[in-house]
>>> print(open('protein01.txt').read())   # compact mmCIF, C-alpha atoms
# COMPACT_ATOMS: atom_id res chain seq x y z
CA MET A 1 109.66 98.82 131.69
CA SER A 2 106.99 96.21 132.22
CA PHE A 3 104.63 98.37 130.20
CA LEU A 4 107.04 98.25 127.27
CA ASP A 5 107.60 94.54 127.77
CA SER A 6 103.93 93.77 127.57
CA TYR A 7 102.91 96.14 124.81
CA ILE A 8 105.94 96.54 122.56
CA TYR A 9 104.54 94.23 119.87
CA TYR A 10 101.18 95.99 119.80
CA ILE A 11 102.93 99.35 119.65
CA GLY A 12 105.14 98.16 116.81
CA ALA A 13 102.28 96.62 114.87
CA PHE A 14 100.05 99.67 115.15
CA GLY A 15 103.00 101.92 114.47
CA LEU A 16 103.43 100.10 111.15
CA ILE A 17 99.70 100.32 110.42
CA LEU A 18 99.60 104.05 111.14
CA VAL A 19 102.73 104.70 109.06
CA GLY A 20 101.19 102.77 106.19
CA LEU A 21 97.91 104.68 106.43
CA TYR A 22 99.76 108.00 106.56
CA ILE A 23 101.70 107.12 103.41
CA ILE A 24 98.52 106.06 101.61
CA LEU A 25 96.72 109.26 102.58
CA VAL A 26 99.48 111.79 101.97
CA LYS A 27 101.89 110.63 99.28
CA ARG A 28 101.29 111.58 95.67
CA ASN A 29 103.45 109.04 93.90
CA LEU A 30 101.50 105.87 93.15
CA ILE A 31 104.50 103.62 93.78
CA LYS A 32 104.89 105.14 97.25
CA VAL A 33 101.19 104.52 97.93
CA ILE A 34 101.71 100.86 97.02
CA VAL A 35 104.72 100.71 99.36
CA GLY A 36 102.46 102.11 102.08
CA LEU A 37 99.97 99.35 101.33
CA GLY A 38 102.76 96.81 101.87
CA ILE A 39 103.73 98.37 105.21
CA LEU A 40 100.08 98.33 106.32
CA ASP A 41 99.89 94.67 105.37
CA THR A 42 102.98 93.86 107.46
CA GLY A 43 101.54 95.70 110.45
CA VAL A 44 98.28 93.77 110.33
CA ASN A 45 100.17 90.46 110.10
CA LEU A 46 102.41 91.38 113.04
CA PHE A 47 99.38 92.37 115.11
CA LEU A 48 97.60 89.07 114.45
CA ILE A 49 100.69 87.08 115.37
CA SER A 50 101.29 89.04 118.57
CA VAL A 51 97.69 88.55 119.71
CA GLY A 52 98.28 84.80 119.67
CA TYR A 53 101.61 84.95 121.48
CA ILE A 54 102.12 83.33 124.88
CA THR A 55 105.00 84.44 127.09
CA LYS A 56 107.97 82.11 126.54
CA GLY A 57 105.86 80.08 124.11
CA THR A 58 107.05 77.63 121.48
CA ALA A 59 105.82 76.91 117.96
CA PRO A 60 102.72 74.69 117.89
CA ILE A 61 104.58 71.70 116.44
CA PHE A 62 105.10 68.39 118.25
CA SER A 63 108.46 67.86 116.61
CA ARG A 64 109.97 65.98 119.56
CA PRO A 65 108.45 64.30 122.62
CA GLY A 66 108.23 66.21 125.86
CA ILE A 67 106.96 69.54 124.55
CA ASP A 68 104.45 71.08 126.92
CA PRO A 69 101.19 71.79 125.06
CA GLU A 70 100.46 74.53 127.59
CA GLN A 71 103.44 76.52 126.33
CA MET A 72 102.43 76.47 122.67
CA VAL A 73 101.29 79.68 121.06
CA ASP A 74 97.85 79.96 119.51
CA PRO A 75 97.90 78.20 116.10
CA ILE A 76 94.88 80.01 114.60
CA PRO A 77 96.43 83.48 114.03
CA GLN A 78 99.49 81.78 112.58
CA ALA A 79 97.35 79.84 110.13
CA LEU A 80 95.54 83.03 109.12
CA VAL A 81 98.74 85.03 108.65
CA LEU A 82 100.35 82.20 106.69
CA THR A 83 97.83 82.57 103.89
CA ALA A 84 97.52 86.34 104.32
CA ILE A 85 101.22 86.84 103.51
CA VAL A 86 101.01 85.02 100.18
CA ILE A 87 97.78 86.79 99.26
CA GLY A 88 99.37 90.10 100.24
CA VAL A 89 102.17 89.45 97.75
CA ALA A 90 99.67 88.69 94.99
CA VAL A 91 97.61 91.79 95.77
CA LEU A 92 100.73 93.97 95.73
CA ALA A 93 101.62 92.50 92.33
CA LEU A 94 98.11 93.30 91.07
CA ALA A 95 98.43 96.89 92.37
CA LEU A 96 101.79 97.24 90.62
CA SER A 97 100.30 96.01 87.35
CA LEU A 98 97.55 98.63 87.65
CA ALA A 99 100.27 101.24 88.26
CA ILE A 100 102.02 100.11 85.07
CA ARG A 101 98.78 100.55 83.11
CA LEU A 102 98.14 103.98 84.62
CA TYR A 103 101.66 105.08 83.74
CA GLN A 104 101.25 103.90 80.17
CA HIS A 105 97.93 105.67 79.83
CA TYR A 106 98.69 109.01 81.51
CA GLY A 107 102.48 109.14 81.28
CA THR A 108 102.82 110.02 84.96
CA LEU A 109 102.53 108.37 88.36
CA ASN A 110 101.72 111.60 90.19
CA LEU A 111 98.22 111.24 91.57
CA ARG A 112 97.76 115.02 91.59
CA LYS A 113 98.10 115.14 87.84
CA ILE A 114 95.77 112.25 87.07
CA ARG A 115 92.40 113.96 87.15
CA GLU A 116 90.29 110.89 87.90
CA GLN A 117 92.48 109.91 90.85
CA LYS A 118 92.53 113.28 92.61
CA TRP A 119 90.98 113.84 96.00
CA MET B 1 96.14 120.91 104.29
CA ARG B 2 95.82 117.31 103.21
CA ARG B 3 98.67 116.42 105.49
CA ILE B 4 97.03 118.06 108.51
CA ILE B 5 93.74 116.30 107.89
CA ALA B 6 95.55 112.97 107.52
CA ILE B 7 97.51 113.47 110.76
CA LEU B 8 94.34 114.42 112.64
CA LEU B 9 92.56 111.33 111.35
CA LEU B 10 95.47 109.12 112.34
CA ILE B 11 95.65 110.65 115.83
CA ILE B 12 91.96 109.95 116.38
CA LEU B 13 92.49 106.40 115.10
CA ALA B 14 95.55 105.88 117.33
CA VAL B 15 93.73 107.04 120.47
CA GLY B 16 90.78 104.78 119.74
CA ILE B 17 93.01 101.80 119.01
CA SER B 18 95.16 102.26 122.11
CA LEU B 19 92.11 102.54 124.35
CA SER B 20 90.77 99.25 123.05
CA LEU B 21 94.17 97.54 122.93
CA ALA B 22 94.90 98.29 126.58
CA LYS B 23 92.19 95.77 127.42
CA ILE B 24 93.81 92.93 125.45
CA PRO B 25 96.40 91.26 127.68
CA PHE B 26 99.65 90.32 125.99
CA GLY B 27 101.27 86.91 126.30
CA THR B 28 98.41 85.05 127.96
CA PRO B 29 96.39 82.15 126.53
CA LYS B 30 93.14 83.46 125.13
CA THR B 31 91.06 81.27 122.88
CA LYS B 32 89.56 77.92 123.79
CA VAL B 33 89.54 76.95 120.13
CA GLY B 34 93.32 77.16 119.84
CA LYS B 35 93.71 75.13 123.01
CA TYR B 36 91.37 72.48 121.63
CA TYR B 37 93.33 72.28 118.38
CA ILE B 38 96.62 71.85 120.25
CA GLU B 39 95.26 69.15 122.55
CA GLU B 40 93.19 67.14 120.10
CA GLY B 41 94.94 67.99 116.84
CA ILE B 42 97.24 64.98 116.63
CA GLU B 43 94.52 62.41 117.30
CA GLU B 44 91.99 64.05 115.04
CA THR B 45 94.17 64.88 112.04
CA GLY B 46 97.44 62.96 112.47
CA ALA B 47 99.58 66.00 111.66
CA THR B 48 102.23 67.00 114.20
CA ASN B 49 102.32 70.57 112.88
CA ILE B 50 99.18 72.04 114.41
CA VAL B 51 99.27 75.09 112.13
CA THR B 52 99.07 72.77 109.13
CA SER B 53 96.19 70.85 110.62
CA VAL B 54 94.35 74.13 111.17
CA VAL B 55 95.09 75.41 107.66
CA VAL B 56 94.31 72.25 105.71
CA ASN B 57 91.97 70.28 107.91
CA TYR B 58 89.95 72.36 110.36
CA ARG B 59 89.80 75.42 108.12
CA GLY B 60 90.28 73.64 104.81
CA PHE B 61 87.32 75.31 103.17
CA ASP B 62 88.68 78.70 104.16
CA THR B 63 92.02 77.79 102.60
CA LEU B 64 90.25 76.79 99.39
CA GLY B 65 88.76 80.28 99.34
CA GLU B 66 92.14 81.91 99.92
CA VAL B 67 93.74 79.88 97.15
CA THR B 68 90.93 81.14 94.93
CA VAL B 69 91.73 84.74 95.94
CA LEU B 70 95.34 84.18 94.93
CA PHE B 71 94.19 82.65 91.64
CA ILE B 72 91.94 85.62 90.90
CA ALA B 73 94.72 88.09 91.71
CA ALA B 74 97.08 86.27 89.30
CA ILE B 75 94.37 86.18 86.61
CA GLY B 76 93.63 89.87 87.13
CA LEU B 77 97.30 90.74 86.81
CA GLY B 78 97.53 88.80 83.56
CA ALA B 79 94.36 90.45 82.24
CA VAL B 80 95.48 93.98 83.14
CA LEU B 81 98.89 93.54 81.58
CA SER B 82 97.80 91.58 78.51
CA THR B 83 95.94 94.56 77.03
CA VAL B 84 99.20 96.47 76.80
CA ARG B 85 100.59 96.53 73.28
CA LYS B 86 103.37 94.05 72.81
CA LYS B 87 106.71 95.66 72.38
CA THR B 88 109.07 94.52 69.71
CA ALA B 89 111.64 92.04 70.90
CA ARG B 90 114.39 93.94 72.63
CA GLU B 91 117.98 92.90 72.59
CA ILE B 92 118.78 91.30 75.88
CA GLU B 93 122.29 91.64 77.09
CA PRO B 94 123.38 88.14 78.14
CA ALA B 95 124.45 87.70 81.74
CA SER B 96 128.06 87.05 82.58
CA LEU B 97 129.42 83.51 82.84
CA VAL B 98 129.67 83.58 86.64
CA LEU B 99 126.08 84.74 87.05
CA SER B 100 124.51 82.31 84.61
CA THR B 101 126.50 79.32 85.89
CA GLY B 102 125.65 80.20 89.47
CA CYS B 103 121.96 80.37 88.58
CA ARG B 104 122.11 77.01 86.88
CA VAL B 105 123.76 75.44 89.93
CA LEU B 106 121.46 77.07 92.47
CA PHE B 107 118.16 76.59 90.64
CA PRO B 108 117.78 72.79 91.19
CA LEU B 109 118.84 73.20 94.82
CA ILE B 110 116.17 75.84 95.41
CA LEU B 111 113.56 73.64 93.71
CA THR B 112 114.56 70.69 95.91
CA PHE B 113 114.39 72.81 99.04
CA GLY B 114 110.95 74.14 98.13
CA THR B 115 109.71 70.63 97.44
CA TYR B 116 111.09 69.46 100.77
CA ILE B 117 109.28 72.31 102.52
CA PHE B 118 105.88 71.47 101.08
CA ILE B 119 106.17 67.68 101.27
CA HIS B 120 107.05 67.87 104.98
CA GLY B 121 104.42 70.50 105.70
CA HIS B 122 102.57 68.30 108.19
CA LEU B 123 105.71 67.46 110.20
CA THR B 124 107.98 70.50 110.27
CA PRO B 125 107.54 74.26 109.90
CA GLY B 126 106.51 74.98 106.35
CA GLY B 127 103.86 73.87 103.92
CA GLY B 128 102.38 74.50 100.54
CA PHE B 129 102.34 78.29 100.63
CA GLN B 130 105.90 78.64 101.88
CA GLY B 131 107.26 75.92 99.57
CA GLY B 132 105.48 77.50 96.61
CA ALA B 133 107.00 80.88 97.44
CA ILE B 134 110.48 79.33 97.61
CA ILE B 135 109.99 77.64 94.23
CA ALA B 136 108.85 80.95 92.74
CA SER B 137 112.00 82.59 94.12
CA GLY B 138 114.00 79.98 92.19
CA PHE B 139 112.23 81.04 89.00
CA LEU B 140 112.90 84.69 89.86
CA LEU B 141 116.60 83.85 90.12
CA ILE B 142 116.47 82.27 86.66
CA TYR B 143 114.74 85.35 85.23
CA LEU B 144 117.31 87.71 86.72
CA GLY B 145 120.39 85.57 86.15
CA CYS B 146 119.91 83.75 82.83
CA ARG B 147 117.90 86.44 81.12
CA GLU B 148 117.15 84.66 77.86
CA ARG B 149 115.22 81.86 79.55
CA ARG B 150 111.46 81.97 79.94
CA ILE B 151 109.00 79.59 81.56
CA SER B 152 106.37 78.06 79.34
CA ARG B 153 102.98 79.72 79.87
CA THR B 154 101.12 76.55 78.93
CA ALA B 155 103.04 74.44 81.42
CA SER B 156 102.55 76.89 84.28
CA ASN B 157 98.83 77.19 83.52
CA LEU B 158 98.55 73.42 83.38
CA VAL B 159 100.32 72.89 86.72
CA GLU B 160 98.24 75.63 88.33
CA SER B 161 94.95 74.19 87.10
CA LEU B 162 95.93 70.65 88.11
CA GLY B 163 96.83 71.85 91.61
CA GLY B 164 93.52 73.62 92.09
CA LEU B 165 91.62 70.68 90.61
CA THR B 166 93.34 68.21 92.96
CA PHE B 167 92.29 70.27 95.96
CA VAL B 168 88.63 70.36 94.86
CA ILE B 169 88.58 66.69 93.84
CA ILE B 170 89.96 65.60 97.22
CA GLY B 171 87.26 67.67 98.88
CA LEU B 172 84.60 66.01 96.73
CA LEU B 173 86.06 62.56 97.47
CA GLY B 174 85.66 63.35 101.16
CA LEU B 175 82.04 64.19 100.41
CA VAL B 176 81.59 60.88 98.58
CA PHE B 177 83.32 58.62 101.10
CA SER B 178 82.42 60.22 104.41
CA GLY B 179 79.64 62.67 103.83
CA TYR B 180 81.50 65.95 104.45
CA PHE B 181 83.38 68.20 102.04
CA LEU B 182 87.16 68.01 102.61
CA LEU B 183 86.87 65.33 105.29
CA ASN B 184 90.06 63.41 105.99
CA PHE B 185 89.08 60.04 104.50
CA LEU B 186 92.54 58.44 104.13
CA PRO B 187 94.09 56.49 107.04
CA LYS B 188 95.93 58.78 109.44
CA GLY B 189 98.92 56.52 110.11
CA THR B 190 101.35 57.08 112.94
CA ALA B 191 102.20 60.63 113.89
CA ASN B 192 105.64 61.97 112.88
CA ALA B 193 105.90 59.63 109.85
CA LEU B 194 106.12 61.02 106.32
CA PHE B 195 103.10 59.01 105.14
CA SER B 196 100.66 60.10 107.79
CA ALA B 197 97.85 62.57 108.33
CA GLY B 198 95.66 61.28 105.49
CA VAL B 199 94.83 63.88 102.87
CA ILE B 200 96.84 66.73 104.42
CA PRO B 201 100.15 66.08 102.57
CA VAL B 202 98.29 65.52 99.29
CA ILE B 203 96.44 68.82 99.58
CA TYR B 204 99.58 70.65 100.62
CA ILE B 205 101.53 69.28 97.67
CA ALA B 206 98.73 70.46 95.38
CA ILE B 207 98.81 73.90 97.03
CA GLY B 208 102.59 73.99 96.70
CA PHE B 209 102.48 73.40 92.95
CA LYS B 210 99.63 75.86 92.54
CA VAL B 211 101.21 78.69 94.52
CA GLY B 212 104.61 78.10 92.93
CA SER B 213 103.29 78.25 89.37
CA GLU B 214 101.02 81.22 90.14
CA LEU B 215 103.80 83.31 91.65
CA ALA B 216 106.13 82.28 88.81
CA SER B 217 103.59 83.42 86.23
CA ILE B 218 103.16 86.73 88.13
CA ILE B 219 106.94 87.21 87.96
CA ASP B 220 106.85 86.30 84.27
CA ASN B 221 104.13 88.86 83.54
CA LEU B 222 105.83 91.65 85.46
CA ILE B 223 109.27 91.01 83.95
CA GLU B 224 107.88 90.88 80.39
CA GLU B 225 106.48 94.32 81.02
CA SER B 226 109.56 96.03 82.42
>>> encode(input="protein01.txt", output="structure tokens")
Amino acid sequence: MSFLDSYIYYIGAFGLILVGLYIILVKRNLIKVIVGLGILDTGVNLFLISVGYITKGTAPIFSRPGIDPEQMVDPIPQALVLTAIVIGVAVLALALSLAIRLYQHYGTLNLRKIREQKW
Amino acid sequence: MRRIIAILLLIILAVGISLSLAKIPFGTPKTKVGKYYIEEGIEETGATNIVTSVVVNYRGFDTLGEVTVLFIAAIGLGAVLSTVRKKTAREIEPASLVLSTGCRVLFPLILTFGTYIFIHGHLTPGGGFQGGAIIASGFLLIYLGCRERRISRTASNLVESLGGLTFVIIGLLGLVFSGYFLLNFLPKGTANALFSAGVIPVIYIAIGFKVGSELASIIDNLIEES
């Protein structure tokens, strides 16, 4: 039980990353590949946040007096993830626009049928 | 065959990751840098939200780079989609009365909430990126609810450029007044007051406008296309 308690966030984060990688490697529909990219993104963000977590920690904000600075979680991963989320949204939008162009050019989203995208 | 190769690769990756992760303890304080920011952050920057002081003050240059990444992604999306031939104007079925009235009532409230989030970014949870995302969600509501309305491209480009320009100009002013790019040259004031923390609220307001207009123009581009 203590093993699960201490590692559940890491397991969840890397579960998401592995699921995302599997989708990117295996799926043939471009939209599904982009969804996999989004899941991978979420996993990386969750991992960064959980690295900075402190047991029973609070947010690093001195919103009222009497908050123990020792109990605050690490602010640096939070600051990194904060910008990473917004950039992730923009990158997903860019990927979707490329998918739109591919569909208009080839008439299909199946990566098997697009010769230049095959592997 | 592809599937088997992918699963094998992922298993190798998972074993390697779990071996290295077992050495990272969970839930214990790790970095000295984070500790330093928490202990000295209020005196050095004046912001009670330490995450904000890290984003805008300690790592301000990094944030400038990330805002640029967002800008380039939005530009790239516009460039990729603009080469598509323009379709003839389709007939848009107007939304029902309930939907369009609800959008009109909710839209100013969402804008106000987003503005609140990025103006109070140095005091409470939130900041420019989150406030900008909330404002863009308000525009998304308008696009889905009142379908005949469109944002003005010129206005959104103008707001976006002004936001980015404000960020860079404040950085250059720091260089002029104090000798370092993005240095906090305004008075820091008392902690927990709205007018405190020097340049942090100004930069976050600029980021809020920039992110909001960028995400709104992304929504605009994608909806035009569908």
>>> interface_residues(input="protein01.txt", of="chain B", to="chain A", cutoff="8 Å", atoms="all atoms listed in the file", output="PyMOL selection string")
chain B and resi 2-3+6-7+10+14+21+25-31+34-35+37-39+48-52+54-55+63+66+69-70+73-74+76-77+80-81+84+123-125+129+133+192+215+218+222
>>> axis_aligned_box(input="protein01.txt", around="range 78-97 of chain A", padding_each_side="4 Å", output="lines of an AutoDock Vina configuration file")
center_x = 98.9
center_y = 88.5
center_z = 100.0
size_x = 14.6
size_y = 25.4
size_z = 33.2
>>> closest_residue(input="protein01.txt", among="B:Gly46, B:Gly78, B:Gly131, B:Gly145", to="Gly198 in chain B", atoms="only C-alpha atoms")
B:Gly46
>>> residues_around(input="protein01.txt", residues="Ser152 in chain B", least_positions_apart="5", cutoff="10 Å", atoms="all atoms listed in the file", output="PDB file with C-alpha atoms, in the frame of the given file")
ATOM      1  CA  ASN B 157      98.830  77.190  83.520  1.00  0.00           C
ATOM      2  CA  LEU B 158      98.550  73.420  83.380  1.00  0.00           C
ATOM      3  CA  SER B 217     103.590  83.420  86.230  1.00  0.00           C
ATOM      4  CA  ASP B 220     106.850  86.300  84.270  1.00  0.00           C
TER       5      ASP B 220
END
>>> atom_distance(input="protein01.txt", atom1="CA of Ala47 in chain B", atom2="CA of Gly65 in chain B")
21.7 Å
>>> atom_distance(input="protein01.txt", atom1="CA of Ile200 in chain B", atom2="CA of Asp41 in chain A")
28.1 Å
>>> atom_distance(input="protein01.txt", atom1="CA of Glu148 in chain B", atom2="CA of Glu214 in chain B")
20.6 Å
>>> build_atoms(input="protein01.txt", residues="range 9-30 of chain A", atoms="N, CA and C atoms", output="PDB file, in the frame of the given file")
ATOM      1  N   TYR A   9     104.948  94.783 121.159  1.00  0.00           N
ATOM      2  CA  TYR A   9     104.540  94.230 119.870  1.00  0.00           C
ATOM      3  C   TYR A   9     103.304  94.947 119.333  1.00  0.00           C
ATOM      4  N   TYR A  10     102.355  95.236 120.247  1.00  0.00           N
ATOM      5  CA  TYR A  10     101.180  95.990 119.800  1.00  0.00           C
ATOM      6  C   TYR A  10     101.593  97.363 119.300  1.00  0.00           C
ATOM      7  N   ILE A  11     102.502  98.015 120.063  1.00  0.00           N
ATOM      8  CA  ILE A  11     102.930  99.350 119.650  1.00  0.00           C
ATOM      9  C   ILE A  11     103.602  99.291 118.288  1.00  0.00           C
ATOM     10  N   GLY A  12     104.461  98.292 118.092  1.00  0.00           N
ATOM     11  CA  GLY A  12     105.140  98.160 116.810  1.00  0.00           C
ATOM     12  C   GLY A  12     104.162  97.888 115.684  1.00  0.00           C
ATOM     13  N   ALA A  13     103.224  96.970 115.937  1.00  0.00           N
ATOM     14  CA  ALA A  13     102.280  96.620 114.870  1.00  0.00           C
ATOM     15  C   ALA A  13     101.433  97.816 114.496  1.00  0.00           C
ATOM     16  N   PHE A  14     100.905  98.540 115.508  1.00  0.00           N
ATOM     17  CA  PHE A  14     100.050  99.670 115.150  1.00  0.00           C
ATOM     18  C   PHE A  14     100.858 100.855 114.671  1.00  0.00           C
ATOM     19  N   GLY A  15     102.135 100.926 115.094  1.00  0.00           N
ATOM     20  CA  GLY A  15     103.000 101.920 114.470  1.00  0.00           C
ATOM     21  C   GLY A  15     103.116 101.687 112.978  1.00  0.00           C
ATOM     22  N   LEU A  16     103.334 100.428 112.588  1.00  0.00           N
ATOM     23  CA  LEU A  16     103.430 100.100 111.150  1.00  0.00           C
ATOM     24  C   LEU A  16     102.127 100.421 110.441  1.00  0.00           C
ATOM     25  N   ILE A  17     100.990 100.074 111.079  1.00  0.00           N
ATOM     26  CA  ILE A  17      99.700 100.320 110.420  1.00  0.00           C
ATOM     27  C   ILE A  17      99.481 101.814 110.224  1.00  0.00           C
ATOM     28  N   LEU A  18      99.815 102.614 111.259  1.00  0.00           N
ATOM     29  CA  LEU A  18      99.600 104.050 111.140  1.00  0.00           C
ATOM     30  C   LEU A  18     100.533 104.662 110.103  1.00  0.00           C
ATOM     31  N   VAL A  19     101.797 104.199 110.072  1.00  0.00           N
ATOM     32  CA  VAL A  19     102.730 104.700 109.060  1.00  0.00           C
ATOM     33  C   VAL A  19     102.210 104.390 107.660  1.00  0.00           C
ATOM     34  N   GLY A  20     101.717 103.149 107.494  1.00  0.00           N
ATOM     35  CA  GLY A  20     101.190 102.770 106.190  1.00  0.00           C
ATOM     36  C   GLY A  20      99.997 103.614 105.787  1.00  0.00           C
ATOM     37  N   LEU A  21      99.088 103.859 106.740  1.00  0.00           N
ATOM     38  CA  LEU A  21      97.910 104.680 106.430  1.00  0.00           C
ATOM     39  C   LEU A  21      98.320 106.110 106.083  1.00  0.00           C
ATOM     40  N   TYR A  22      99.306 106.638 106.829  1.00  0.00           N
ATOM     41  CA  TYR A  22      99.760 108.000 106.560  1.00  0.00           C
ATOM     42  C   TYR A  22     100.316 108.100 105.142  1.00  0.00           C
ATOM     43  N   ILE A  23     101.126 107.097 104.757  1.00  0.00           N
ATOM     44  CA  ILE A  23     101.700 107.120 103.410  1.00  0.00           C
ATOM     45  C   ILE A  23     100.587 107.061 102.366  1.00  0.00           C
ATOM     46  N   ILE A  24      99.605 106.189 102.595  1.00  0.00           N
ATOM     47  CA  ILE A  24      98.520 106.060 101.610  1.00  0.00           C
ATOM     48  C   ILE A  24      97.744 107.364 101.492  1.00  0.00           C
ATOM     49  N   LEU A  25      97.538 108.050 102.623  1.00  0.00           N
ATOM     50  CA  LEU A  25      96.720 109.260 102.580  1.00  0.00           C
ATOM     51  C   LEU A  25      97.478 110.441 101.987  1.00  0.00           C
ATOM     52  N   VAL A  26      98.779 110.544 102.257  1.00  0.00           N
ATOM     53  CA  VAL A  26      99.480 111.790 101.970  1.00  0.00           C
ATOM     54  C   VAL A  26     100.292 111.747 100.684  1.00  0.00           C
ATOM     55  N   LYS A  27     100.932 110.633 100.388  1.00  0.00           N
ATOM     56  CA  LYS A  27     101.890 110.630  99.280  1.00  0.00           C
ATOM     57  C   LYS A  27     101.185 110.772  97.937  1.00  0.00           C
ATOM     58  N   ARG A  28     101.897 111.350  96.988  1.00  0.00           N
ATOM     59  CA  ARG A  28     101.290 111.580  95.670  1.00  0.00           C
ATOM     60  C   ARG A  28     101.775 110.596  94.628  1.00  0.00           C
ATOM     61  N   ASN A  29     102.925 109.994  94.876  1.00  0.00           N
ATOM     62  CA  ASN A  29     103.450 109.040  93.900  1.00  0.00           C
ATOM     63  C   ASN A  29     102.777 107.680  94.110  1.00  0.00           C
ATOM     64  N   LEU A  30     102.274 107.110  93.029  1.00  0.00           N
ATOM     65  CA  LEU A  30     101.500 105.870  93.150  1.00  0.00           C
ATOM     66  C   LEU A  30     102.345 104.725  93.690  1.00  0.00           C
TER      67      LEU A  30
END
